Amino acid sequence: MGRLAGKVALITGASRGQGAAAARAFVAEGAKVLIADVVEELGKELADELGDAAVFQQLDVTDEAAWATAVERTVDEFGSLNVLVNNAGVLHFSRLEDTTLADYQRVMSVNQIGTFLGLRSVVAPMRKAGGGSIVNVSSVEGLAGTPFLVAYTASKFAVRGMTKVAALELGTDGIRVNSIHPGMIDTQMVRDALGGGEFDTSWIAKKVALGRVGEPREIADVALFLASDESSYCTGAEFVADGGATATHALKV
Ligand SMILES: NC(=O)c1ccc[n+]([C@@H]2O[C@H](COP(=O)([O-])OP(=O)(O)OC[C@H]3O[C@@H](n4cnc5c(N)ncnc54)[C@H](O)[C@@H]3O)[C@@H](O)[C@H]2O)c1
């Protein structure tokens with residue numbers, strides 16, 4: 001039997017990258033998955049690839065009404081909702097003094113408010129299902145700062161913080177809430193931030209214990225563990241998967 005047999009998951013930002021890897025991993029372990037994203041074409045392609053176990057739903061995580069629709073669709077399609085992966089996110093690099101209010105608000109709106117709306121939207125259906133697991137994708141930027149990432153870092157600290165509050169409020173309902181803190185993972189988000197196309201990751205790889213950047217599947221596997229009953233006593237906790245990036249306090253070289 002699959003590790004997620006009988007579970008129904010809603011994964012945001014699942015059209016590509018780590019969210020798509022999670023959708024594939026969850027379905028392979030027996031879950032039904034609602035692939036939610038603003039990018040429709042890739043999301044539909046992925047749903048087709050995954051067959052009856054997955055459907056695509058257009059969802060902008062900043063849109064409160066669209067959350068209600070996505071949750072309703074999940075329950076209509078698959079009968080309940082047991083797992084939410086708040087994975088959708090955007091990255092924006094700029095020096096603090098050059099970060100416009102619009103830049104800051106856009107990042108906070110997707111990464112922070114999107115996560116808040118997701119958390120709030122699934123409480124009732126998870127209670128009805130007798131419990132559930134919420135996985136919030138933060139970052140190593142939710143544990144420490146990085147220059148030129150003021151909005152992103154603030155948003156990912158917020159995700160880490162609201163994970164604790166939700167875990168404390170929802171524990172007795174059988175709803176577990178945890179955060180994942182990936183280091184640098186090879187996805188389009190990072191490629192776009194570094195100018196698009198192929199890029200040399202060796203200078204980043206040299207800075208982490210494992211000597212390489214991560215693959216989306218390596219984060220999906222952490223999400224899979226947290227979504228499954230194997231993590232039944234984990235809540236309010238931080239799960240770091242960063243190749244050892246945060247293992248050091250050394251000054252940068
Ligand atoms: N790649 C990394 O190095 C890294 C490291 C740490 C944390 N993260 C986090 O992991 C998560 C996944 O990122 P990724 O690396 O797979 O990037 P990605 O850009 O490949 O995927 C992000 C997905 O989110 C979707 N999205 C963006 N705005 C949205 C919105 N308003 N509503 C719904 N969907 C939206 C995008 O369309 C995309 O499909 C993000 O939260 C990101 O901040 C990434």
# chains A, B, ... in the order shown; residues from 1 in each chain; ligands from 1
>>> residues_near_ligand(ligand="ligand 1", cutoff="7 Å", atoms="only C-alpha atoms and all ligand atoms", output="number ranges by chain")
A: 12-19, 36-39, 59-62, 87-91, 110-111, 137-140, 181-190, 216
>>> write_last_selection(atoms="C-alpha atoms", output="compact mmCIF listing (two decimals), in the first residue's frame")
# COMPACT_ATOMS: atom_id res chain seq x y z
CA THR A 12 -0.15 25.14 -4.54
CA GLY A 13 2.40 26.23 -7.12
CA ALA A 14 2.32 22.66 -8.40
CA SER A 15 2.57 23.31 -12.14
CA ARG A 16 6.38 23.13 -12.02
CA GLY A 17 9.42 22.91 -9.76
CA GLN A 18 9.15 21.51 -6.26
CA GLY A 19 5.35 21.58 -6.29
CA ALA A 36 -3.23 24.45 -8.02
CA ASP A 37 -1.33 27.20 -9.80
CA VAL A 38 -1.64 30.41 -11.81
CA VAL A 39 0.17 28.71 -14.72
CA LEU A 59 -5.58 29.27 -8.14
CA ASP A 60 -3.93 32.57 -7.40
CA VAL A 61 -3.02 32.08 -3.74
CA THR A 62 -3.49 35.81 -3.04
CA ASN A 87 4.29 25.73 -1.83
CA ALA A 88 3.55 28.63 -4.22
CA GLY A 89 6.14 31.35 -3.95
CA VAL A 90 8.00 34.12 -5.73
CA LEU A 91 11.56 35.34 -5.38
CA VAL A 110 2.12 35.56 -2.56
CA ASN A 111 4.48 34.07 0.02
CA VAL A 137 7.29 25.72 2.30
CA SER A 138 9.52 28.35 3.88
CA SER A 139 13.25 28.46 3.04
CA VAL A 140 16.66 28.74 4.64
CA HIS A 181 13.33 25.00 4.77
CA PRO A 182 15.01 24.17 1.47
CA GLY A 183 18.42 25.49 0.56
CA MET A 184 19.19 26.16 -3.09
CA ILE A 185 17.20 23.81 -5.30
CA ASP A 186 17.57 23.63 -9.08
CA THR A 187 14.25 25.05 -10.33
CA GLN A 188 13.09 27.71 -12.77
CA MET A 189 12.75 30.18 -9.88
CA VAL A 190 16.48 30.09 -9.29
CA PRO A 216 13.12 19.23 -6.50
>>> residues_around(residues="Gly51 (chain A)", least_positions_apart="3", cutoff="12 Å", atoms="only C-alpha atoms", output="number ranges by chain")
A: 23-24, 27-28, 31-34, 44-48, 54-56
>>> write_last_selection(atoms="N, CA and C atoms", output="PDB file, in the first residue's frame")
ATOM      1  N   ALA A  23       3.680  16.695  -6.373  1.00  0.00           N
ATOM      2  CA  ALA A  23       2.464  16.089  -6.962  1.00  0.00           C
ATOM      3  C   ALA A  23       2.784  14.694  -7.502  1.00  0.00           C
ATOM      4  N   ARG A  24       3.899  14.570  -8.216  1.00  0.00           N
ATOM      5  CA  ARG A  24       4.289  13.251  -8.761  1.00  0.00           C
ATOM      6  C   ARG A  24       4.552  12.245  -7.626  1.00  0.00           C
ATOM      7  N   VAL A  27       1.217  11.217  -5.797  1.00  0.00           N
ATOM      8  CA  VAL A  27       0.383  10.295  -6.583  1.00  0.00           C
ATOM      9  C   VAL A  27       1.029   8.908  -6.614  1.00  0.00           C
ATOM     10  N   ALA A  28       2.340   8.870  -6.766  1.00  0.00           N
ATOM     11  CA  ALA A  28       3.040   7.575  -6.793  1.00  0.00           C
ATOM     12  C   ALA A  28       2.832   6.802  -5.487  1.00  0.00           C
ATOM     13  N   ALA A  31      -1.840   9.023  -3.257  1.00  0.00           N
ATOM     14  CA  ALA A  31      -2.720  10.159  -2.953  1.00  0.00           C
ATOM     15  C   ALA A  31      -3.468  10.620  -4.198  1.00  0.00           C
ATOM     16  N   LYS A  32      -4.559  11.338  -3.950  1.00  0.00           N
ATOM     17  CA  LYS A  32      -5.231  12.114  -4.991  1.00  0.00           C
ATOM     18  C   LYS A  32      -4.761  13.545  -4.796  1.00  0.00           C
ATOM     19  N   VAL A  33      -4.512  14.247  -5.905  1.00  0.00           N
ATOM     20  CA  VAL A  33      -3.890  15.576  -5.782  1.00  0.00           C
ATOM     21  C   VAL A  33      -4.608  16.624  -6.619  1.00  0.00           C
ATOM     22  N   LEU A  34      -4.900  17.757  -5.997  1.00  0.00           N
ATOM     23  CA  LEU A  34      -5.348  18.929  -6.736  1.00  0.00           C
ATOM     24  C   LEU A  34      -4.117  19.796  -6.984  1.00  0.00           C
ATOM     25  N   LYS A  44      -2.032  21.652 -16.376  1.00  0.00           N
ATOM     26  CA  LYS A  44      -2.937  20.693 -17.048  1.00  0.00           C
ATOM     27  C   LYS A  44      -2.139  19.531 -17.632  1.00  0.00           C
ATOM     28  N   GLU A  45      -0.983  19.830 -18.191  1.00  0.00           N
ATOM     29  CA  GLU A  45      -0.118  18.760 -18.732  1.00  0.00           C
ATOM     30  C   GLU A  45       0.250  17.764 -17.636  1.00  0.00           C
ATOM     31  N   LEU A  46       0.590  18.309 -16.468  1.00  0.00           N
ATOM     32  CA  LEU A  46       0.975  17.440 -15.343  1.00  0.00           C
ATOM     33  C   LEU A  46      -0.219  16.593 -14.886  1.00  0.00           C
ATOM     34  N   ALA A  47      -1.396  17.232 -14.815  1.00  0.00           N
ATOM     35  CA  ALA A  47      -2.600  16.478 -14.417  1.00  0.00           C
ATOM     36  C   ALA A  47      -2.877  15.352 -15.414  1.00  0.00           C
ATOM     37  N   ASP A  48      -2.707  15.638 -16.701  1.00  0.00           N
ATOM     38  CA  ASP A  48      -2.909  14.588 -17.725  1.00  0.00           C
ATOM     39  C   ASP A  48      -1.927  13.452 -17.514  1.00  0.00           C
ATOM     40  N   ALA A  54      -5.197  13.003 -10.375  1.00  0.00           N
ATOM     41  CA  ALA A  54      -4.881  14.432 -10.260  1.00  0.00           C
ATOM     42  C   ALA A  54      -5.785  15.278 -11.138  1.00  0.00           C
ATOM     43  N   VAL A  55      -6.105  16.477 -10.654  1.00  0.00           N
ATOM     44  CA  VAL A  55      -6.802  17.467 -11.477  1.00  0.00           C
ATOM     45  C   VAL A  55      -6.088  18.802 -11.300  1.00  0.00           C
ATOM     46  N   PHE A  56      -6.227  19.651 -12.323  1.00  0.00           N
ATOM     47  CA  PHE A  56      -5.659  20.995 -12.227  1.00  0.00           C
ATOM     48  C   PHE A  56      -6.746  21.985 -11.863  1.00  0.00           C
TER      49      PHE A  56
END
>>> select_by_dssp(residues="region 27-111 of chain A", states="helix (DSSP H, G or I)", output="PyMOL selection string")
chain A and resi 27-28+40-53+64-78+96-98+101-111
>>> residues_around(residues="Ala209 (chain A)", least_positions_apart="6", cutoff="7 Å", atoms="only C-alpha atoms", output="PyMOL selection string")
chain A and resi 243-245
>>> closest_residue(among="A:Ala9, A:Ala70, A:Leu96, A:Leu42", to="Phe148 (chain A)", atoms="only C-alpha atoms")
A:Leu96
>>> closest_residue(among="A:Ala5, A:Val75, A:Val159, A:Val85", to="Ala129 (chain A)", atoms="only C-alpha atoms")
A:Val75
>>> residues_around(residues="region 65-69 of chain A", least_positions_apart="5", cutoff="10 Å", atoms="only C-alpha atoms", output="list in words")
Ala36, Gln57, Gln58, Leu59, Asp60, Thr74, Gly114, Leu117, Gly118, Arg120, Ser121 and Val122 of chain A
>>> write_last_selection(atoms="N, CA and C atoms", output="mmCIF file, in the first residue's frame")
data_model
loop_
_atom_site.group_PDB
_atom_site.id
_atom_site.type_symbol
_atom_site.label_atom_id
_atom_site.label_comp_id
_atom_site.auth_asym_id
_atom_site.auth_seq_id
_atom_site.Cartn_x
_atom_site.Cartn_y
_atom_site.Cartn_z
ATOM 1 N N ALA A 36 -2.711 23.082 -7.983
ATOM 2 C CA ALA A 36 -3.228 24.448 -8.016
ATOM 3 C C ALA A 36 -2.112 25.419 -8.377
ATOM 4 N N GLN A 57 -6.409 22.937 -11.002
ATOM 5 C CA GLN A 57 -7.329 24.029 -10.673
ATOM 6 C C GLN A 57 -6.556 25.340 -10.687
ATOM 7 N N GLN A 58 -7.073 26.292 -11.451
ATOM 8 C CA GLN A 58 -6.470 27.628 -11.460
ATOM 9 C C GLN A 58 -6.619 28.222 -10.057
ATOM 10 N N LEU A 59 -5.521 28.631 -9.461
ATOM 11 C CA LEU A 59 -5.579 29.274 -8.138
ATOM 12 C C LEU A 59 -4.468 30.299 -8.020
ATOM 13 N N ASP A 60 -4.877 31.537 -7.804
ATOM 14 C CA ASP A 60 -3.926 32.567 -7.399
ATOM 15 C C ASP A 60 -4.019 32.607 -5.872
ATOM 16 N N THR A 74 -11.568 20.404 -4.594
ATOM 17 C CA THR A 74 -10.834 19.243 -4.067
ATOM 18 C C THR A 74 -11.812 18.254 -3.448
ATOM 19 N N GLY A 114 -0.616 34.437 0.887
ATOM 20 C CA GLY A 114 -1.055 33.196 0.236
ATOM 21 C C GLY A 114 -1.036 32.027 1.205
ATOM 22 N N LEU A 117 -3.902 32.517 3.817
ATOM 23 C CA LEU A 117 -5.222 32.165 3.265
ATOM 24 C C LEU A 117 -5.368 30.654 3.119
ATOM 25 N N GLY A 118 -4.274 29.995 2.720
ATOM 26 C CA GLY A 118 -4.311 28.540 2.577
ATOM 27 C C GLY A 118 -4.563 27.858 3.904
ATOM 28 N N ARG A 120 -5.973 29.049 6.560
ATOM 29 C CA ARG A 120 -7.320 29.307 7.057
ATOM 30 C C ARG A 120 -8.377 28.524 6.280
ATOM 31 N N SER A 121 -8.141 28.372 4.978
ATOM 32 C CA SER A 121 -9.155 27.740 4.111
ATOM 33 C C SER A 121 -9.335 26.251 4.369
ATOM 34 N N VAL A 122 -8.292 25.596 4.876
ATOM 35 C CA VAL A 122 -8.404 24.130 4.980
ATOM 36 C C VAL A 122 -8.797 23.645 6.378
#
>>> closest_residue(among="A:Glu169, A:Arg3, A:Tyr104, A:Ala227", to="Asn86 (chain A)", atoms="only C-alpha atoms")
A:Ala227
